[in-house]
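The structure file query.txt is reproduced below (compact mmCIF, C-alpha atoms).
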# COMPACT_ATOMS: atom_id res chain seq x y z
CA MET T 29 165.27 19.86 153.84
CA SER T 30 162.62 18.47 151.51
CA LYS T 31 163.54 18.22 147.86
CA TYR T 32 160.27 16.39 147.42
CA LEU T 33 158.19 19.30 148.66
CA LEU T 34 160.10 21.81 146.53
CA ASN T 35 159.42 19.59 143.53
CA LYS T 36 155.77 19.25 144.51
CA PHE T 37 155.44 23.04 144.58
CA LEU T 38 157.10 23.44 141.17
CA PHE T 39 155.03 20.59 139.69
CA THR T 40 151.63 21.74 140.90
CA VAL T 41 152.14 25.43 140.16
CA ASP T 42 153.50 24.73 136.67
CA ARG T 43 150.42 22.80 135.58
CA ASP T 44 147.94 25.58 136.44
CA PRO T 45 148.10 28.79 134.40
CA ALA T 46 146.44 30.84 137.14
CA LEU T 47 148.99 29.68 139.70
CA VAL T 48 151.87 30.37 137.31
CA GLU T 49 150.70 33.96 136.98
CA ARG T 50 150.15 34.36 140.75
CA TYR T 51 153.62 32.99 141.43
CA ARG T 52 155.13 35.40 138.90
CA THR T 53 153.41 38.49 140.24
CA GLU T 54 152.88 37.73 143.94
CA PRO T 55 155.40 35.10 144.98
CA ARG T 56 155.10 35.64 148.74
CA GLU T 57 151.33 35.44 148.69
CA LEU T 58 151.35 32.37 146.44
CA VAL T 59 154.02 30.45 148.35
CA THR T 60 152.27 31.12 151.68
CA TRP T 61 148.88 30.12 150.28
CA TRP T 62 150.31 27.02 148.63
CA GLU T 63 152.01 25.80 151.79
CA GLU T 64 148.78 26.25 153.77
CA THR T 65 146.42 24.67 151.25
CA THR T 66 148.31 22.33 148.92
CA ALA T 67 151.58 21.15 150.47
CA ASN T 68 149.85 18.23 152.16
CA SER T 69 147.49 17.28 149.33
CA LEU T 70 147.85 13.70 148.16
CA LEU T 71 147.98 14.32 144.44
CA ASN T 72 147.20 10.82 143.15
CA CYS T 73 144.42 10.15 145.60
CA HIS T 74 140.75 10.83 146.31
CA SER T 75 140.07 14.40 147.28
CA GLY T 76 139.48 14.92 150.95
CA GLU T 77 142.47 12.85 152.05
CA ALA T 78 145.74 14.55 152.93
CA SER T 79 149.13 14.12 154.56
CA THR T 80 149.89 15.90 157.82
CA TRP T 81 153.63 16.51 157.99
CA LEU T 82 154.89 18.37 154.94
CA ALA T 83 156.32 21.89 155.38
CA PHE T 84 159.10 23.98 153.86
CA SER T 85 162.24 24.88 155.75
CA GLU T 86 162.78 28.61 156.07
CA ALA T 87 165.53 28.51 153.44
CA GLU T 88 163.29 26.68 150.97
CA ARG T 89 160.42 29.08 151.50
CA ASP T 90 162.74 32.05 151.03
CA ALA T 91 164.25 30.64 147.84
CA LEU T 92 160.81 30.09 146.34
CA ILE T 93 159.59 33.55 147.33
CA ALA T 94 162.75 35.12 145.87
CA HIS T 95 162.33 33.24 142.53
CA ASP T 96 165.92 32.18 143.20
CA HIS T 97 166.52 29.36 140.73
CA VAL T 98 170.22 29.21 141.63
CA ARG T 99 169.44 28.36 145.25
CA LEU T 100 166.78 25.87 144.17
CA PHE T 101 169.40 24.15 142.00
CA GLU T 102 171.79 24.13 144.94
CA MET T 103 169.11 22.55 147.15
CA GLY T 104 168.59 19.72 144.65
CA ALA T 105 165.18 20.72 143.31
CA HIS T 106 164.58 18.87 140.05
CA PRO T 107 166.15 21.08 137.35
CA PHE T 108 163.52 20.18 134.74
CA LEU T 109 160.68 21.32 136.99
CA THR T 110 162.41 24.56 137.95
CA LEU T 111 163.35 25.36 134.36
CA THR T 112 159.91 24.65 132.95
CA LEU T 113 158.12 26.84 135.48
CA PHE T 114 160.63 29.68 135.23
CA ILE T 115 160.42 29.69 131.42
CA ALA T 116 156.65 29.94 131.80
CA MET T 117 157.01 32.99 134.02
CA PHE T 118 159.87 34.87 132.39
CA GLU T 119 160.25 33.87 128.73
CA GLN T 120 157.60 36.45 127.89
CA ASP T 121 160.16 39.17 128.64
CA ASN T 122 162.63 37.91 126.01
CA THR T 123 163.80 40.51 123.52
CA GLU T 124 165.57 37.84 121.46
CA PRO T 125 165.09 34.05 121.17
CA LEU T 126 166.28 32.03 124.19
CA GLU T 127 167.44 35.17 126.02
CA PHE T 128 165.99 34.06 129.37
CA GLN T 129 167.05 30.44 128.90
CA LYS T 130 170.67 31.44 128.28
CA ALA T 131 170.73 33.86 131.23
CA TYR T 132 169.25 31.14 133.43
CA GLY T 133 172.14 28.85 132.52
CA ALA T 134 174.74 31.59 132.91
CA ALA T 135 173.52 32.29 136.44
CA LEU T 136 174.46 28.69 137.29
CA ALA T 137 177.99 28.97 135.87
CA ALA T 138 179.62 28.52 139.28
CA PHE T 139 178.40 24.93 139.50
CA SER T 140 180.66 22.15 138.28
CA LEU T 141 180.26 18.38 138.36
CA PRO T 142 179.00 16.71 140.38
CA TYR T 143 175.90 18.87 140.54
CA PRO T 144 173.76 18.82 143.70
CA ASP T 145 172.01 15.48 144.13
CA ILE T 146 168.39 15.51 142.92
CA ALA T 147 167.40 12.10 144.27
CA THR T 148 164.30 12.27 146.46
CA MET Z 10 152.74 -14.57 114.78
CA ALA Z 11 153.19 -10.82 114.56
CA SER Z 12 156.14 -9.44 112.65
CA ILE Z 13 158.37 -6.54 113.63
CA VAL Z 14 158.71 -4.60 110.40
CA ALA Z 15 160.73 -1.67 111.73
CA VAL Z 16 162.66 -0.67 114.82
CA ILE Z 17 163.15 3.07 115.10
CA ALA Z 18 165.10 5.14 117.61
CA SER Z 19 165.29 8.89 117.65
CA THR Z 20 165.62 11.98 119.73
CA HIS Z 21 162.36 13.78 120.59
CA HIS Z 22 162.85 17.47 120.10
CA PRO Z 23 159.72 19.32 121.24
CA PHE Z 24 160.62 22.39 119.14
CA TYR Z 25 160.29 20.51 115.83
CA TYR Z 26 156.55 21.01 115.48
CA ARG Z 27 156.73 24.78 115.90
CA ALA Z 28 159.90 25.15 113.80
CA SER Z 29 158.53 23.08 110.93
CA THR Z 30 155.17 24.85 110.82
CA ALA Z 31 156.47 28.40 111.26
CA THR Z 32 156.42 30.71 108.26
CA GLY Z 33 157.92 34.04 107.28
CA ALA Z 34 160.01 35.85 109.87
CA ASP Z 35 159.03 33.31 112.53
CA ARG Z 36 160.64 30.44 110.64
CA PRO Z 37 164.07 29.64 112.12
CA PRO Z 38 167.00 29.35 109.69
CA PHE Z 39 167.51 25.65 110.42
CA ALA Z 40 163.85 24.68 109.80
CA ASP Z 41 164.18 23.72 106.12
CA GLU Z 42 167.11 21.36 106.65
CA TRP Z 43 165.45 19.86 109.72
CA THR Z 44 162.17 19.29 107.88
CA ALA Z 45 163.95 17.65 104.95
CA LYS Z 46 165.70 15.24 107.30
CA ILE Z 47 162.45 14.41 109.07
CA LEU Z 48 160.66 13.72 105.79
CA ALA Z 49 163.41 11.29 104.78
CA PHE Z 50 163.27 9.66 108.22
CA ARG Z 51 159.47 9.40 108.02
CA GLU Z 52 159.79 7.49 104.76
CA THR Z 53 161.71 4.75 106.59
CA LEU Z 54 158.59 4.02 108.64
CA THR Z 55 156.07 4.52 105.85
CA ARG Z 56 157.96 2.04 103.68
CA ALA Z 57 157.58 -0.67 106.37
CA ARG Z 58 153.74 -0.44 106.23
CA PRO Z 59 153.12 -0.92 109.96
CA ASP Z 60 149.71 -1.69 111.46
CA VAL Z 61 150.60 -1.05 115.10
CA LEU Z 62 153.16 1.18 116.83
CA VAL Z 63 154.79 0.26 120.13
CA MET Z 64 156.00 3.60 121.45
CA VAL Z 65 158.75 3.81 124.08
CA GLY Z 66 159.17 7.13 125.85
CA SER Z 67 159.34 8.78 129.25
CA ASP Z 68 156.79 10.89 131.04
CA HIS Z 69 158.22 14.31 131.93
CA PHE Z 70 156.42 14.74 135.27
CA HIS Z 71 153.03 15.01 133.65
CA GLN Z 72 150.96 12.09 134.90
CA LEU Z 73 153.63 10.11 136.75
CA TRP Z 74 154.71 11.76 139.97
CA LEU Z 75 157.03 11.18 142.88
CA ASP Z 76 154.32 9.89 145.22
CA ASN Z 77 153.89 6.79 143.08
CA MET Z 78 156.66 6.46 140.51
CA PRO Z 79 156.90 3.38 138.30
CA GLN Z 80 160.21 2.39 136.70
CA PHE Z 81 158.63 0.77 133.62
CA LEU Z 82 154.96 1.19 132.75
CA VAL Z 83 152.82 -0.15 129.91
CA GLY Z 84 149.66 1.64 128.86
CA LYS Z 85 146.62 -0.58 128.37
CA ALA Z 86 143.71 1.55 127.26
CA PRO Z 87 141.47 1.88 124.20
CA MET Z 88 142.42 5.54 123.75
CA TYR Z 89 145.17 7.90 124.83
CA ASP Z 90 144.77 11.63 125.08
CA ALA Z 91 148.04 13.35 124.41
CA ASN Z 92 150.03 16.47 125.22
CA TRP Z 93 149.62 18.71 128.21
CA TYR Z 94 148.96 22.36 128.97
CA ASN Z 95 152.62 23.14 129.66
CA GLU Z 96 153.61 21.52 126.34
CA GLU Z 97 151.11 23.69 124.50
CA ARG Z 98 152.47 26.69 126.40
CA GLU Z 99 156.19 26.10 125.87
CA PHE Z 100 156.34 24.17 122.59
CA GLY Z 101 153.04 24.93 120.86
CA LEU Z 102 152.20 21.23 120.66
CA PRO Z 103 148.64 20.34 119.63
CA ARG Z 104 146.28 18.21 121.70
CA MET Z 105 145.96 14.75 120.18
CA LEU Z 106 143.92 11.59 120.64
CA LEU Z 107 145.46 8.24 119.75
CA GLN Z 108 143.88 4.84 119.55
CA GLY Z 109 145.24 2.01 121.71
CA GLN Z 110 145.95 -1.64 120.85
CA GLU Z 111 144.82 -3.35 124.04
CA ASP Z 112 145.46 -6.93 122.91
CA LEU Z 113 149.14 -6.18 122.40
CA SER Z 114 149.29 -4.20 125.66
CA ALA Z 115 147.88 -7.19 127.54
CA HIS Z 116 150.29 -9.55 125.78
CA ILE Z 117 153.32 -7.39 126.65
CA LEU Z 118 152.20 -7.01 130.26
CA ARG Z 119 151.51 -10.72 130.84
CA ASN Z 120 154.69 -11.91 129.16
CA GLY Z 121 156.84 -9.12 130.54
CA LEU Z 122 155.76 -10.04 134.07
CA ASP Z 123 156.44 -13.70 133.33
CA GLU Z 124 159.93 -12.82 132.06
CA GLY Z 125 160.81 -11.07 135.31
CA PHE Z 126 159.95 -7.42 134.59
CA ASP Z 127 157.53 -6.16 137.22
CA LEU Z 128 155.79 -3.82 134.83
CA ALA Z 129 153.34 -1.23 136.09
CA PHE Z 130 150.28 -0.56 133.97
CA SER Z 131 147.85 2.26 133.36
CA ASN Z 132 144.29 2.08 132.05
CA GLU Z 133 144.03 5.86 131.72
CA LEU Z 134 147.21 7.43 130.46
CA ARG Z 135 147.65 10.85 128.93
CA ILE Z 136 150.86 10.67 126.97
CA ASP Z 137 153.36 13.47 126.48
CA HIS Z 138 155.83 14.75 123.91
CA SER Z 139 158.25 11.84 124.33
CA ILE Z 140 155.64 9.83 122.39
CA THR Z 141 153.83 12.53 120.44
CA CYS Z 142 157.01 14.02 118.96
CA PRO Z 143 157.76 10.80 117.04
CA ILE Z 144 154.09 10.58 116.04
CA ILE Z 145 154.41 14.11 114.62
CA THR Z 146 157.70 13.39 112.86
CA LEU Z 147 157.06 9.80 111.70
CA ARG Z 148 153.29 9.35 111.39
CA PRO Z 149 151.62 12.77 111.54
CA GLU Z 150 148.29 11.25 110.46
CA ALA Z 151 148.24 9.69 113.95
CA ASP Z 152 146.05 6.96 112.49
CA LEU Z 153 147.67 3.80 113.88
CA PRO Z 154 146.89 2.18 117.23
CA ILE Z 155 149.68 2.35 119.77
CA VAL Z 156 151.02 0.66 122.87
CA PRO Z 157 152.83 3.26 125.00
CA ILE Z 158 155.68 2.08 127.21
CA TYR Z 159 157.12 4.54 129.69
CA THR Z 160 160.53 4.28 131.33
CA ASN Z 161 161.88 6.28 134.24
CA ILE Z 162 164.95 8.19 133.05
CA PHE Z 163 164.02 11.22 135.06
CA ALA Z 164 163.45 10.66 138.79
CA PRO Z 165 166.26 8.86 140.60
CA PRO Z 166 166.74 6.16 141.72
CA LEU Z 167 166.72 4.86 138.14
CA PRO Z 168 167.09 1.30 136.83
CA GLN Z 169 170.55 0.37 135.58
CA PRO Z 170 171.39 0.79 131.86
CA LYS Z 171 171.65 -2.99 131.41
CA ARG Z 172 168.05 -3.27 132.60
CA PHE Z 173 166.88 -0.97 129.78
CA VAL Z 174 168.75 -3.16 127.29
CA ALA Z 175 167.26 -6.34 128.77
CA LEU Z 176 163.76 -4.90 128.61
CA GLY Z 177 164.30 -3.99 124.97
CA GLU Z 178 165.43 -7.53 124.21
CA ALA Z 179 162.38 -8.90 126.02
CA ILE Z 180 160.01 -6.56 124.16
CA ARG Z 181 161.42 -7.88 120.89
CA ARG Z 182 160.85 -11.52 121.89
CA ILE Z 183 157.42 -10.86 123.34
CA ILE Z 184 156.11 -9.00 120.28
CA GLU Z 185 157.40 -11.72 117.99
CA GLN Z 186 155.37 -14.23 120.04
CA TRP Z 187 152.15 -12.22 119.77
CA PRO Z 188 149.55 -14.39 118.05
CA SER Z 189 148.52 -11.85 115.44
CA HIS Z 190 149.01 -11.25 111.75
CA LEU Z 191 149.69 -7.56 112.35
CA ARG Z 192 152.84 -5.71 111.36
CA VAL Z 193 154.42 -3.97 114.33
CA ALA Z 194 156.90 -1.10 114.41
CA VAL Z 195 158.72 -0.39 117.66
CA ILE Z 196 159.62 3.28 118.04
CA GLY Z 197 161.54 4.68 120.99
CA THR Z 198 162.85 8.13 121.73
CA GLY Z 199 165.48 9.42 124.09
CA HIS Z 200 168.31 11.89 124.18
CA LEU Z 201 171.96 12.15 123.36
CA SER Z 202 173.87 14.57 125.61
CA LEU Z 203 171.43 17.03 127.11
CA GLU Z 204 171.42 19.63 129.86
CA LEU Z 205 168.15 21.00 131.25
CA GLY Z 206 168.06 23.56 134.02
CA GLY Z 207 171.85 23.55 134.46
CA PRO Z 208 174.79 25.76 133.47
CA ARG Z 209 175.41 24.00 130.14
CA GLN Z 210 171.89 24.35 128.71
CA PHE Z 211 170.95 25.98 125.40
CA GLY Z 212 174.47 26.19 124.04
CA PRO Z 213 175.28 26.37 120.30
CA HIS Z 214 175.53 22.54 120.24
CA GLY Z 215 174.65 19.73 122.59
CA PRO Z 216 176.61 19.95 125.85
CA ASP Z 217 178.99 17.12 124.93
CA PRO Z 218 179.58 16.67 121.16
CA ALA Z 219 182.27 14.02 121.83
CA PHE Z 220 179.75 11.89 123.72
CA ASP Z 221 177.20 12.41 120.95
CA GLU Z 222 179.64 11.20 118.30
CA LYS Z 223 180.49 8.12 120.32
CA ALA Z 224 176.82 7.43 121.11
CA VAL Z 225 175.77 7.67 117.47
CA GLY Z 226 178.49 5.12 116.66
CA TRP Z 227 177.27 2.72 119.35
CA ILE Z 228 173.70 2.91 118.10
CA ALA Z 229 174.47 2.80 114.38
CA ASN Z 230 176.67 -0.27 114.84
CA GLY Z 231 174.51 -1.98 117.47
CA ASP Z 232 177.58 -1.90 119.70
CA LEU Z 233 175.92 -2.85 122.96
CA ASP Z 234 179.11 -4.25 124.43
CA GLY Z 235 181.03 -1.03 123.91
CA CYS Z 236 178.09 1.03 125.11
CA LEU Z 237 177.50 -1.02 128.27
CA ARG Z 238 181.23 -0.97 129.06
CA GLU Z 239 181.27 2.82 129.22
CA VAL Z 240 177.79 3.88 130.24
CA THR Z 241 176.77 3.78 133.89
CA LEU Z 242 174.23 5.70 135.92
CA ASP Z 243 177.13 7.80 137.25
CA SER Z 244 178.86 8.33 133.90
CA LEU Z 245 175.72 9.76 132.30
CA HIS Z 246 175.92 12.86 134.51
CA THR Z 247 179.10 13.95 132.73
CA PRO Z 248 177.70 14.64 129.22
CA GLY Z 249 174.78 16.66 130.65
CA ASN Z 250 172.34 16.47 133.54
CA ALA Z 251 169.46 15.09 131.43
CA THR Z 252 171.55 12.55 129.52
CA HIS Z 253 169.98 9.59 131.33
CA GLY Z 254 167.43 9.75 128.53
CA PHE Z 255 170.12 7.99 126.51
CA MET Z 256 169.02 4.80 128.26
CA ASP Z 257 165.91 4.79 126.06
CA PHE Z 258 168.28 4.57 123.08
CA MET Z 259 169.93 1.64 124.85
CA LEU Z 260 166.53 0.00 125.24
CA MET Z 261 165.99 0.38 121.50
CA MET Z 262 169.43 -1.12 120.82
CA GLY Z 263 168.13 -4.10 122.81
CA VAL Z 264 165.06 -4.28 120.57
CA ALA Z 265 167.22 -4.06 117.43
CA GLY Z 266 169.65 -6.69 118.69
CA ALA Z 267 173.31 -6.74 119.70
CA GLY Z 268 175.67 -6.29 116.79
CA VAL Z 269 172.93 -5.34 114.32
CA LYS Z 270 173.83 -2.26 112.31
CA ALA Z 271 171.09 0.27 111.66
CA ASP Z 272 169.79 0.36 108.09
CA TYR Z 273 169.31 4.11 108.25
CA VAL Z 274 171.31 6.67 110.23
CA ASP Z 275 171.07 10.43 110.16
CA THR Z 276 171.95 13.27 112.52
CA LEU Z 277 171.45 17.00 112.74
CA ASP Z 278 173.60 19.27 114.87
CA LEU Z 279 171.27 21.83 116.41
CA PHE Z 280 171.60 24.37 119.20
CA HIS Z 281 171.09 22.78 122.62
CA THR Z 282 171.15 19.18 121.36
CA MET Z 283 172.13 16.88 118.53
CA GLU Z 284 169.26 15.18 116.75
CA ALA Z 285 169.73 11.55 115.74
CA TYR Z 286 167.56 9.19 113.69
CA PHE Z 287 167.97 5.42 113.29
CA THR Z 288 165.93 2.70 111.59
CA TRP Z 289 166.44 -1.05 111.53
CA TYR Z 290 164.50 -3.53 109.39
CA PRO Z 291 164.56 -6.90 111.21
CA GLU Z 292 162.95 -8.67 108.27
CA GLY Z 293 165.06 -7.01 105.61
CA ARG Z 294 164.77 -3.67 103.94
CA PRO Z 295 161.28 -3.24 102.42
CA ALA Z 296 160.99 -2.65 98.71

If you convert what's in this file into C-alpha cells, what do you get?
Amino acid sequence: MSKYLLNKFLFTVDRDPALVERYRTEPRELVTWWEETTANSLLNCHSGEASTWLAFSEAERDALIAHDHVRLFEMGAHPFLTLTLFIAMFEQDNTEPLEFQKAYGAALAAFSLPYPDIAT
Amino acid sequence: MASIVAVIASTHHPFYYRASTATGADRPPFADEWTAKILAFRETLTRARPDVLVMVGSDHFHQLWLDNMPQFLVGKAPMYDANWYNEEREFGLPRMLLQGQEDLSAHILRNGLDEGFDLAFSNELRIDHSITCPIITLRPEADLPIVPIYTNIFAPPLPQPKRFVALGEAIRRIIEQWPSHLRVAVIGTGHLSLELGGPRQFGPHGPDPAFDEKAVGWIANGDLDGCLREVTLDSLHTPGNATHGFMDFMLMMGVAGAGVKADYVDTLDLFHTMEAYFTWYPEGRPA
C-alpha cells in the first residue's frame, strides 16, 4: 500500500483545475490516465526524468475511482489533501453553507482515536 | 544592532479575507465582530513601526512536497509571489507579491546553521496563506520586506515540540545580533485545536475547547514549562488531527521568551476553530 502515491494523486490533481473537473466527472478515466502518465513523474525535477516503480494497489485505485473519502482516510491518505480536493469537486452542490464539509465529517463518524497513521 | 519591536503570534484563518470583504446577504453574521478584533490586533503591529517582518508559517503542500520535504526552511529571495490557485478557489484569496529582505535571510541562515539548526533554504519560494493571512490581517498594505520561515507541522515525521521552541529562541538571538539599524517584527501563525478531513471538522466550535483554553493560557503567560510538560507529538492528535500547527505557537513562545506575558491577548470563538491573537513588545510597549 502506498500512502505516498495516493497523496501524490490528490496533490497533483488538486492543483490543476482541468484535472479537478475530469476527476469529478470521469473518475475512472482520470485515475487510469493519471496512473499511466503521472504516477512516476518526479515532481521537483527536470522534465524527462521519471521513477519506474510507482503503482496503485487495486484497493487504492478502486477507492479513488469511487470518490470514497472514507476509505482514503482509512488507508492513511493525508486528510488535508483529500479534503481540499473533495471540497473543490463537491462544494459547488451545497444548498447551504458548509453542507458538504459537514457531511464529509459525518461520514467519518465511525473513526475514533487513534486515527489511521498518515506518516509516509 | 537590529531591534525586535514586536513579537506576534496568531491563528491564520483563510476565511477572514472573504468574510471581512463580503457585503449584503453574503456577509456572515460574525464578520463585524471578527473585523473589529482584527483592526485592534493590527494596531498592535502598526504602533511598533516595523521596517522588516520575519514571517513564520507552514506550507500546506503547495511548493514543499513529500519527495523533498524540509523540516525548517528559510526563504532567501528578493521577491515572493504569494497564494495559490487552490487558495483562490477555496478561500477567495488574492494573488500577492511581497518584497524580500535578503540580508536578514542570509544572516538567519548562516547563524542558524552555526547554532545547530540545519536549515533548508529556497531562492524561489511562492508563499501560501499561512504567511499571507497575517499580512492581510496585520499589514494589508503588504509594503514591508519579509523573511519567510517555514516549519513542517504537516507531513510526519515532524520535529519535536521542544525543537520548535529552541528554534524560536535562536531566531530571537540571531535577529538581535543582526548588524542593522532596522526595526524587526517577528510574526508567526499556527493553530489551536483543529480538525481537517476528519470526523470532528467544521463543528460549531473548535474540536477541543478545553485544549484551546489551556493553550491560550500557556501562550498569554509565556508558560513554556507547562506547555512542554503536556504537549508531545502524540498528545497533539487528541485535540484534533491538524493540531500540530500549535507547534508554531510554541516557536513564537520561544521568540517571546520563557515566562514573558503577552502584552496583548484576544480570542474569538468561531465555528470550526478558535481564533487567538497575541502581541509582545520586547522593548516595552510603544507610545

(message) Tell me as a PyMOL selection string which residues belonging to chain Z come within 9 Å of chain T, counting all atoms listed in the file.
(response) chain Z and resi 69-71+74-77+93-95+98-99+163-166+205-212+246-247+250-251

Could you dump the residues just selected with C-alpha atoms as an mmCIF file, keeping the file's coordinate frame?
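Generated file (result10.cif):
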data_model
loop_
_atom_site.group_PDB
_atom_site.id
_atom_site.type_symbol
_atom_site.label_atom_id
_atom_site.label_comp_id
_atom_site.auth_asym_id
_atom_site.auth_seq_id
_atom_site.Cartn_x
_atom_site.Cartn_y
_atom_site.Cartn_z
ATOM 1 C CA HIS Z 69 158.220 14.310 131.930
ATOM 2 C CA PHE Z 70 156.420 14.740 135.270
ATOM 3 C CA HIS Z 71 153.030 15.010 133.650
ATOM 4 C CA TRP Z 74 154.710 11.760 139.970
ATOM 5 C CA LEU Z 75 157.030 11.180 142.880
ATOM 6 C CA ASP Z 76 154.320 9.890 145.220
ATOM 7 C CA ASN Z 77 153.890 6.790 143.080
ATOM 8 C CA TRP Z 93 149.620 18.710 128.210
ATOM 9 C CA TYR Z 94 148.960 22.360 128.970
ATOM 10 C CA ASN Z 95 152.620 23.140 129.660
ATOM 11 C CA ARG Z 98 152.470 26.690 126.400
ATOM 12 C CA GLU Z 99 156.190 26.100 125.870
ATOM 13 C CA PHE Z 163 164.020 11.220 135.060
ATOM 14 C CA ALA Z 164 163.450 10.660 138.790
ATOM 15 C CA PRO Z 165 166.260 8.860 140.600
ATOM 16 C CA PRO Z 166 166.740 6.160 141.720
ATOM 17 C CA LEU Z 205 168.150 21.000 131.250
ATOM 18 C CA GLY Z 206 168.060 23.560 134.020
ATOM 19 C CA GLY Z 207 171.850 23.550 134.460
ATOM 20 C CA PRO Z 208 174.790 25.760 133.470
ATOM 21 C CA ARG Z 209 175.410 24.000 130.140
ATOM 22 C CA GLN Z 210 171.890 24.350 128.710
ATOM 23 C CA PHE Z 211 170.950 25.980 125.400
ATOM 24 C CA GLY Z 212 174.470 26.190 124.040
ATOM 25 C CA HIS Z 246 175.920 12.860 134.510
ATOM 26 C CA THR Z 247 179.100 13.950 132.730
ATOM 27 C CA ASN Z 250 172.340 16.470 133.540
ATOM 28 C CA ALA Z 251 169.460 15.090 131.430
#

Take every atom of segment 99-113 of chain Z listed in the file, fit an axis-aligned box around them, add 8 Å per side, and give the centre and edge lengths in Å to one decimal as lines of an AutoDock Vina configuration file.
center_x = 150.1
center_y = 9.6
center_z = 122.7
size_x = 28.5
size_y = 49.0
size_z = 22.3

(request) Considering all atoms listed in the file, state which residue in the set T:Phe37, T:Ser85, T:Pro125, T:Met117 is at the smallest distance from Arg50 of chain T. (result) T:Met117

(request) Could you jot down the atom CA of Ala49 of chain Z to atom CA of Glu284 of chain Z separation for me, Å, one decimal place? (result) 13.9 Å

(request) Please provide the set of residues having any atom within 8 Å of Ser131 of chain Z, restricted to only C-alpha atoms, with same-chain residues fewer than 4 positions apart removed, written as a PyMOL selection string. (result) chain Z and resi 82-86

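Interatomic distance, atom CA of Asp112 of chain Z against atom CA of Ala271 of chain Z: 28.9 Å.
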